[in-house]
2 protein chains.
Amino acid sequence: MSRKTMVRPGGRSARVQASVHAAVRELESEVGREALTVPLVAARAGVTPSTIYRRWGDLQELLSDVAVERLRPEAAPVDKGSLSSDLEAWAEQFLQEMTAPSGRAYIRDALLGDPDGSNAGLCSAYAAEQIDVILDRAAGRTENAPDVETVLDHVVAPMMYRILFRPEGLDSAYARQLVAGLVGSTDR
Amino acid sequence: MSRKTMVRPGGRSARVQASVHAAVRELESEVGREALTVPLVAARAGVTPSTIYRRWGDLQELLSDVAVERLRPEAAPVDKGSLSSDLEAWAEQFLQEMTAPSGRAYIRDALLGDPDGSNAGLCSAYAAEQIDVILDRAAGRTENAPDVETVLDHVVAPMMYRILFRPEGLDSAYARQLVAGLVGSTDR
DNA sequence: ACCTTAAAGCAAATATGTTGCTTCAAGTGA
DNA sequence: TCACTTGAAGCAACATATTTGCTTTAAGGT
């Protein structure tokens, strides 16, 4: 797990972490991601640079933590009444958010400063959680639903692959096509 | 395209590029990836640091270029006699190479120092090329074959997604399962 | 209230990254 | 072949960022 999870829960450490994260978000929008530096963030957060270096190691790990926070879904997926329409709506929104320049930047940052892969694991877990909700709902309607792994393979993975490796020409139609390919074959 | 492609084809620039790339590879194995720095690479390459900064921008972009080079396939996929066995063999080998710690490191490096996405695009193009060979061969045997995009979605993307986001428990069986899921449904 | 102890602050030392200017040598055209 | 042009390399001074030892602070336990 990344270092931030090891801090004492309340008190000074927590305040420092919060103000550093806030400083990153503020400066990202004020001066742009490229211009961020550890000393700059430290100054804005009212903290010495060495504090950041000791807690996060380097700028990338800090940015990775902040990026993961921003990738956490804020609400449960909307209920459209059926498995296929729930998945379609979720996939369309996911793709739209992730293909936006800011979304791509967060994904890259999350992967980048992540030596042990825990932040990447979190990103995947977020998607899995959302899908779980959708699948549970479908089970409640007695629709027969695939399992989470299958949805990850058929819907999430292709979207992520293209976002990272071939960002050209991605649109909602592609998201719908992936969902169709999944619910078309009810097997496995 | 990354800067290295803009250098004059022969002569001094080419020599500098070659010796810098060689220095990266040597030092990677001698001191480890973590310990690489631009001044260190420059010293080994017999070049001043400013040359590297001006040509590549920073260490990440240099490492990205070197990583892409190492991800380029060295041979055409082996011919196993049928589409499904060709794909299986290729997918197994791909997964095995990419899940190795060094493979994962190269993928990450390739993605990381790649502001414009051209190196990521190359990685994907390499896989597409190999798959193209396999599909052409299948067409020559009058097997009915899916198109490249379908193979990318069903086989390559899931492997890459898991390598990057959930590297636990990946093995050849997973690669075979993906291929089976693809050739099982001959549609689309 | 007093210990204990992670974590923060501070400051000096070191390493890295940037820049203007000079020098070199590959390609170009008389 | 020999200037001539030009992109790229070298050098050196400068600016920033990173590391580190030591001191101080304050959270949590007794």
# chains A, B, ... in the order shown; residues from 1 in each chain; ligands from 1

call {"tool": "residues_around", "arguments": {"residues": "B:Val47", "least_positions_apart": "2", "cutoff": "9 Å", "atoms": "only C-alpha atoms (C1' of nucleotides)", "output": "list in words"}}
result
Val16, Ser19, Val20, Val41, Ala42, Ala43, Arg44, Ala45, Pro49, Ser50, Thr51 and Ile52 of chain B; DA9 and DG10 of chain D

call {"tool": "interface_residues", "arguments": {"of": "chain D", "to": "chain A", "cutoff": "8 Å", "atoms": "only C-alpha atoms (C1' of nucleotides)", "output": "PyMOL selection string"}}
result
chain D and resi 17+26-27

call {"tool": "residues_around", "arguments": {"residues": "A:Arg166", "least_positions_apart": "3", "cutoff": "7 Å", "atoms": "only C-alpha atoms (C1' of nucleotides)", "output": "list of chain:residue names"}}
result
A:Arg162, A:Ile163, B:Gly121

call {"tool": "write_last_selection", "arguments": {"atoms": "C-alpha atoms", "output": "mmCIF file, in the first residue's frame"}}
result
data_model
loop_
_atom_site.group_PDB
_atom_site.id
_atom_site.type_symbol
_atom_site.label_atom_id
_atom_site.label_comp_id
_atom_site.auth_asym_id
_atom_site.auth_seq_id
_atom_site.Cartn_x
_atom_site.Cartn_y
_atom_site.Cartn_z
ATOM 1 C CA ARG A 162 -7.415 1.854 -26.394
ATOM 2 C CA ILE A 163 -7.308 4.833 -24.065
ATOM 3 C CA GLY B 121 0.927 3.613 -30.443
#

call {"tool": "residues_around", "arguments": {"residues": "B:Ala128", "least_positions_apart": "5", "cutoff": "10 Å", "atoms": "only C-alpha atoms (C1' of nucleotides)", "output": "VMD selection string"}}
result
chain B and resid 122 to 123 133 to 134 148 to 149 151 to 152 156

call {"tool": "write_last_selection", "arguments": {"atoms": "N, CA, C and O atoms", "output": "compact mmCIF listing (two decimals), in the first residue's frame"}}
result
# COMPACT_ATOMS: atom_id res chain seq x y z
N LEU B 122 3.11 2.75 -31.00
CA LEU B 122 4.03 1.77 -31.58
C LEU B 122 3.86 0.39 -30.96
O LEU B 122 3.85 -0.62 -31.67
N CYS B 123 3.74 0.36 -29.63
CA CYS B 123 3.57 -0.93 -28.94
C CYS B 123 2.37 -1.67 -29.50
O CYS B 123 2.42 -2.86 -29.79
N VAL B 133 -0.08 -11.11 -39.31
CA VAL B 133 0.61 -12.24 -39.94
C VAL B 133 -0.18 -13.52 -39.70
O VAL B 133 -0.42 -14.32 -40.61
N ILE B 134 -0.60 -13.69 -38.45
CA ILE B 134 -1.34 -14.91 -38.10
C ILE B 134 -2.67 -14.98 -38.86
O ILE B 134 -3.05 -16.04 -39.38
N VAL B 148 -8.36 -7.87 -37.16
CA VAL B 148 -7.34 -7.52 -36.16
C VAL B 148 -7.95 -6.83 -34.96
O VAL B 148 -7.60 -7.11 -33.81
N GLU B 149 -8.88 -5.90 -35.22
CA GLU B 149 -9.46 -5.14 -34.11
C GLU B 149 -10.14 -6.07 -33.11
O GLU B 149 -10.06 -5.86 -31.90
N VAL B 151 -9.37 -9.17 -32.48
CA VAL B 151 -8.35 -9.87 -31.69
C VAL B 151 -7.76 -8.93 -30.64
O VAL B 151 -7.52 -9.32 -29.49
N LEU B 152 -7.53 -7.68 -31.02
CA LEU B 152 -7.02 -6.72 -30.04
C LEU B 152 -7.99 -6.61 -28.87
O LEU B 152 -7.59 -6.66 -27.70
N VAL B 156 -5.64 -9.19 -26.74
CA VAL B 156 -4.53 -8.33 -26.31
C VAL B 156 -4.96 -7.41 -25.17
O VAL B 156 -4.28 -7.30 -24.16

call {"tool": "residues_around", "arguments": {"residues": "A:Met159", "least_positions_apart": "2", "cutoff": "12 Å", "atoms": "only C-alpha atoms (C1' of nucleotides)", "output": "PyMOL selection string"}}
result
(chain A and resi 91-99+104+127+151-157+161-179) or (chain B and resi 152-154+156-158+160-161)

call {"tool": "write_last_selection", "arguments": {"atoms": "C-alpha atoms", "output": "CSV table (one decimal), in the first residue's frame"}}
result
chain,number,residue,atom,x,y,z
A,91,ALA,CA,-19.5,2.1,-20.1
A,92,GLU,CA,-20.4,5.2,-22.0
A,93,GLN,CA,-19.8,7.5,-19.1
A,94,PHE,CA,-16.6,5.7,-18.1
A,95,LEU,CA,-15.2,6.0,-21.6
A,96,GLN,CA,-16.2,9.6,-21.9
A,97,GLU,CA,-14.5,10.5,-18.6
A,98,MET,CA,-11.4,8.6,-19.3
A,99,THR,CA,-10.9,9.8,-22.8
A,104,ARG,CA,-6.1,10.3,-19.5
A,127,ALA,CA,-14.5,-0.3,-11.8
A,151,VAL,CA,-17.2,-7.8,-17.8
A,152,LEU,CA,-13.7,-6.6,-17.0
A,153,ASP,CA,-12.3,-8.7,-19.9
A,154,HIS,CA,-14.9,-7.7,-22.5
A,155,VAL,CA,-15.8,-4.1,-21.6
A,156,VAL,CA,-13.3,-2.4,-19.3
A,157,ALA,CA,-10.1,-3.9,-20.7
A,161,TYR,CA,-6.3,-0.6,-23.8
A,162,ARG,CA,-7.4,1.9,-26.4
A,163,ILE,CA,-7.3,4.8,-24.1
A,164,LEU,CA,-3.7,4.1,-23.2
A,165,PHE,CA,-2.4,2.7,-26.5
A,166,ARG,CA,-4.6,4.0,-29.3
A,167,PRO,CA,-6.6,7.0,-28.2
A,168,GLU,CA,-7.9,7.7,-31.7
A,169,GLY,CA,-11.5,7.5,-32.6
A,170,LEU,CA,-13.1,6.4,-29.3
A,171,ASP,CA,-16.7,7.2,-28.9
A,172,SER,CA,-19.9,6.0,-27.2
A,173,ALA,CA,-20.7,3.7,-30.1
A,174,TYR,CA,-17.6,1.8,-29.3
A,175,ALA,CA,-18.7,1.4,-25.6
A,176,ARG,CA,-22.1,0.2,-26.7
A,177,GLN,CA,-20.6,-2.2,-29.2
A,178,LEU,CA,-18.5,-3.8,-26.4
A,179,VAL,CA,-21.5,-4.2,-24.2
B,152,LEU,CA,-7.0,-6.7,-30.0
B,153,ASP,CA,-10.3,-6.3,-28.1
B,154,HIS,CA,-10.6,-9.9,-27.1
B,156,VAL,CA,-4.5,-8.3,-26.3
B,157,ALA,CA,-6.6,-5.8,-24.3
B,158,PRO,CA,-7.5,-8.1,-21.5
B,160,MET,CA,-2.6,-5.8,-21.1
B,161,TYR,CA,-5.3,-4.6,-18.7

call {"tool": "select_by_dssp", "arguments": {"residues": "stretch 60-154 of chain A", "states": "alpha helix (DSSP H)", "output": "PyMOL selection string"}}
result
chain A and resi 60-71+83-99+101-112+118-140+148-151

call {"tool": "write_last_selection", "arguments": {"atoms": "C-alpha atoms", "output": "PDB file, in the first residue's frame"}}
result
ATOM      1  CA  GLN A  60       5.193  11.076  -9.203  1.00  0.00           C
ATOM      2  CA  GLU A  61       4.094   9.086  -6.195  1.00  0.00           C
ATOM      3  CA  LEU A  62       2.300  12.099  -4.821  1.00  0.00           C
ATOM      4  CA  LEU A  63       0.575  12.744  -8.125  1.00  0.00           C
ATOM      5  CA  SER A  64      -0.320   9.076  -8.319  1.00  0.00           C
ATOM      6  CA  ASP A  65      -2.088   9.253  -4.954  1.00  0.00           C
ATOM      7  CA  VAL A  66      -3.962  12.375  -5.936  1.00  0.00           C
ATOM      8  CA  ALA A  67      -4.912  10.901  -9.308  1.00  0.00           C
ATOM      9  CA  VAL A  68      -6.352   7.772  -7.727  1.00  0.00           C
ATOM     10  CA  GLU A  69      -8.480   9.914  -5.463  1.00  0.00           C
ATOM     11  CA  ARG A  70      -9.902  11.707  -8.458  1.00  0.00           C
ATOM     12  CA  LEU A  71     -10.612   8.462 -10.267  1.00  0.00           C
ATOM     13  CA  LEU A  83     -28.519  -5.208 -17.356  1.00  0.00           C
ATOM     14  CA  SER A  84     -27.629  -4.224 -20.877  1.00  0.00           C
ATOM     15  CA  SER A  85     -28.799  -0.636 -20.551  1.00  0.00           C
ATOM     16  CA  ASP A  86     -27.113  -0.275 -17.139  1.00  0.00           C
ATOM     17  CA  LEU A  87     -23.840  -1.532 -18.559  1.00  0.00           C
ATOM     18  CA  GLU A  88     -24.175   0.620 -21.632  1.00  0.00           C
ATOM     19  CA  ALA A  89     -24.785   3.747 -19.622  1.00  0.00           C
ATOM     20  CA  TRP A  90     -21.928   2.992 -17.279  1.00  0.00           C
ATOM     21  CA  ALA A  91     -19.491   2.129 -20.072  1.00  0.00           C
ATOM     22  CA  GLU A  92     -20.383   5.235 -22.044  1.00  0.00           C
ATOM     23  CA  GLN A  93     -19.812   7.461 -19.059  1.00  0.00           C
ATOM     24  CA  PHE A  94     -16.605   5.689 -18.103  1.00  0.00           C
ATOM     25  CA  LEU A  95     -15.211   5.996 -21.606  1.00  0.00           C
ATOM     26  CA  GLN A  96     -16.200   9.609 -21.868  1.00  0.00           C
ATOM     27  CA  GLU A  97     -14.532  10.531 -18.588  1.00  0.00           C
ATOM     28  CA  MET A  98     -11.411   8.557 -19.311  1.00  0.00           C
ATOM     29  CA  THR A  99     -10.854   9.771 -22.850  1.00  0.00           C
ATOM     30  CA  PRO A 101      -7.534  14.865 -21.550  1.00  0.00           C
ATOM     31  CA  SER A 102      -7.816  15.187 -17.796  1.00  0.00           C
ATOM     32  CA  GLY A 103      -9.018  11.602 -17.433  1.00  0.00           C
ATOM     33  CA  ARG A 104      -6.146  10.260 -19.466  1.00  0.00           C
ATOM     34  CA  ALA A 105      -3.734  12.329 -17.431  1.00  0.00           C
ATOM     35  CA  TYR A 106      -5.074  10.894 -14.183  1.00  0.00           C
ATOM     36  CA  ILE A 107      -4.793   7.340 -15.438  1.00  0.00           C
ATOM     37  CA  ARG A 108      -1.241   7.892 -16.542  1.00  0.00           C
ATOM     38  CA  ASP A 109      -0.332   9.562 -13.273  1.00  0.00           C
ATOM     39  CA  ALA A 110      -1.945   6.804 -11.284  1.00  0.00           C
ATOM     40  CA  LEU A 111       0.056   4.156 -13.130  1.00  0.00           C
ATOM     41  CA  LEU A 112       3.224   6.150 -13.190  1.00  0.00           C
ATOM     42  CA  SER A 118      -1.317  -0.783  -5.453  1.00  0.00           C
ATOM     43  CA  ASN A 119      -2.772   2.345  -6.979  1.00  0.00           C
ATOM     44  CA  ALA A 120      -3.386   0.583 -10.271  1.00  0.00           C
ATOM     45  CA  GLY A 121      -5.095  -2.159  -8.290  1.00  0.00           C
ATOM     46  CA  LEU A 122      -7.345   0.455  -6.709  1.00  0.00           C
ATOM     47  CA  CYS A 123      -8.398   1.819 -10.085  1.00  0.00           C
ATOM     48  CA  SER A 124      -9.396  -1.612 -11.190  1.00  0.00           C
ATOM     49  CA  ALA A 125     -11.195  -2.234  -7.908  1.00  0.00           C
ATOM     50  CA  TYR A 126     -13.251   0.930  -8.388  1.00  0.00           C
ATOM     51  CA  ALA A 127     -14.467  -0.280 -11.765  1.00  0.00           C
ATOM     52  CA  ALA A 128     -15.139  -3.742 -10.354  1.00  0.00           C
ATOM     53  CA  GLU A 129     -17.231  -2.259  -7.538  1.00  0.00           C
ATOM     54  CA  GLN A 130     -19.406  -0.319  -9.915  1.00  0.00           C
ATOM     55  CA  ILE A 131     -19.912  -3.329 -12.125  1.00  0.00           C
ATOM     56  CA  ASP A 132     -20.719  -5.425  -9.099  1.00  0.00           C
ATOM     57  CA  VAL A 133     -23.553  -3.089  -8.240  1.00  0.00           C
ATOM     58  CA  ILE A 134     -24.914  -3.402 -11.751  1.00  0.00           C
ATOM     59  CA  LEU A 135     -24.650  -7.190 -11.746  1.00  0.00           C
ATOM     60  CA  ASP A 136     -26.287  -7.511  -8.336  1.00  0.00           C
ATOM     61  CA  ARG A 137     -29.139  -5.396  -9.544  1.00  0.00           C
ATOM     62  CA  ALA A 138     -29.501  -7.649 -12.599  1.00  0.00           C
ATOM     63  CA  ALA A 139     -29.509 -10.730 -10.387  1.00  0.00           C
ATOM     64  CA  GLY A 140     -32.281  -9.099  -8.350  1.00  0.00           C
ATOM     65  CA  VAL A 148     -17.359  -9.394 -12.928  1.00  0.00           C
ATOM     66  CA  GLU A 149     -14.229 -10.861 -14.454  1.00  0.00           C
ATOM     67  CA  THR A 150     -16.001 -11.377 -17.735  1.00  0.00           C
ATOM     68  CA  VAL A 151     -17.186  -7.797 -17.809  1.00  0.00           C
TER      69      VAL A 151
END
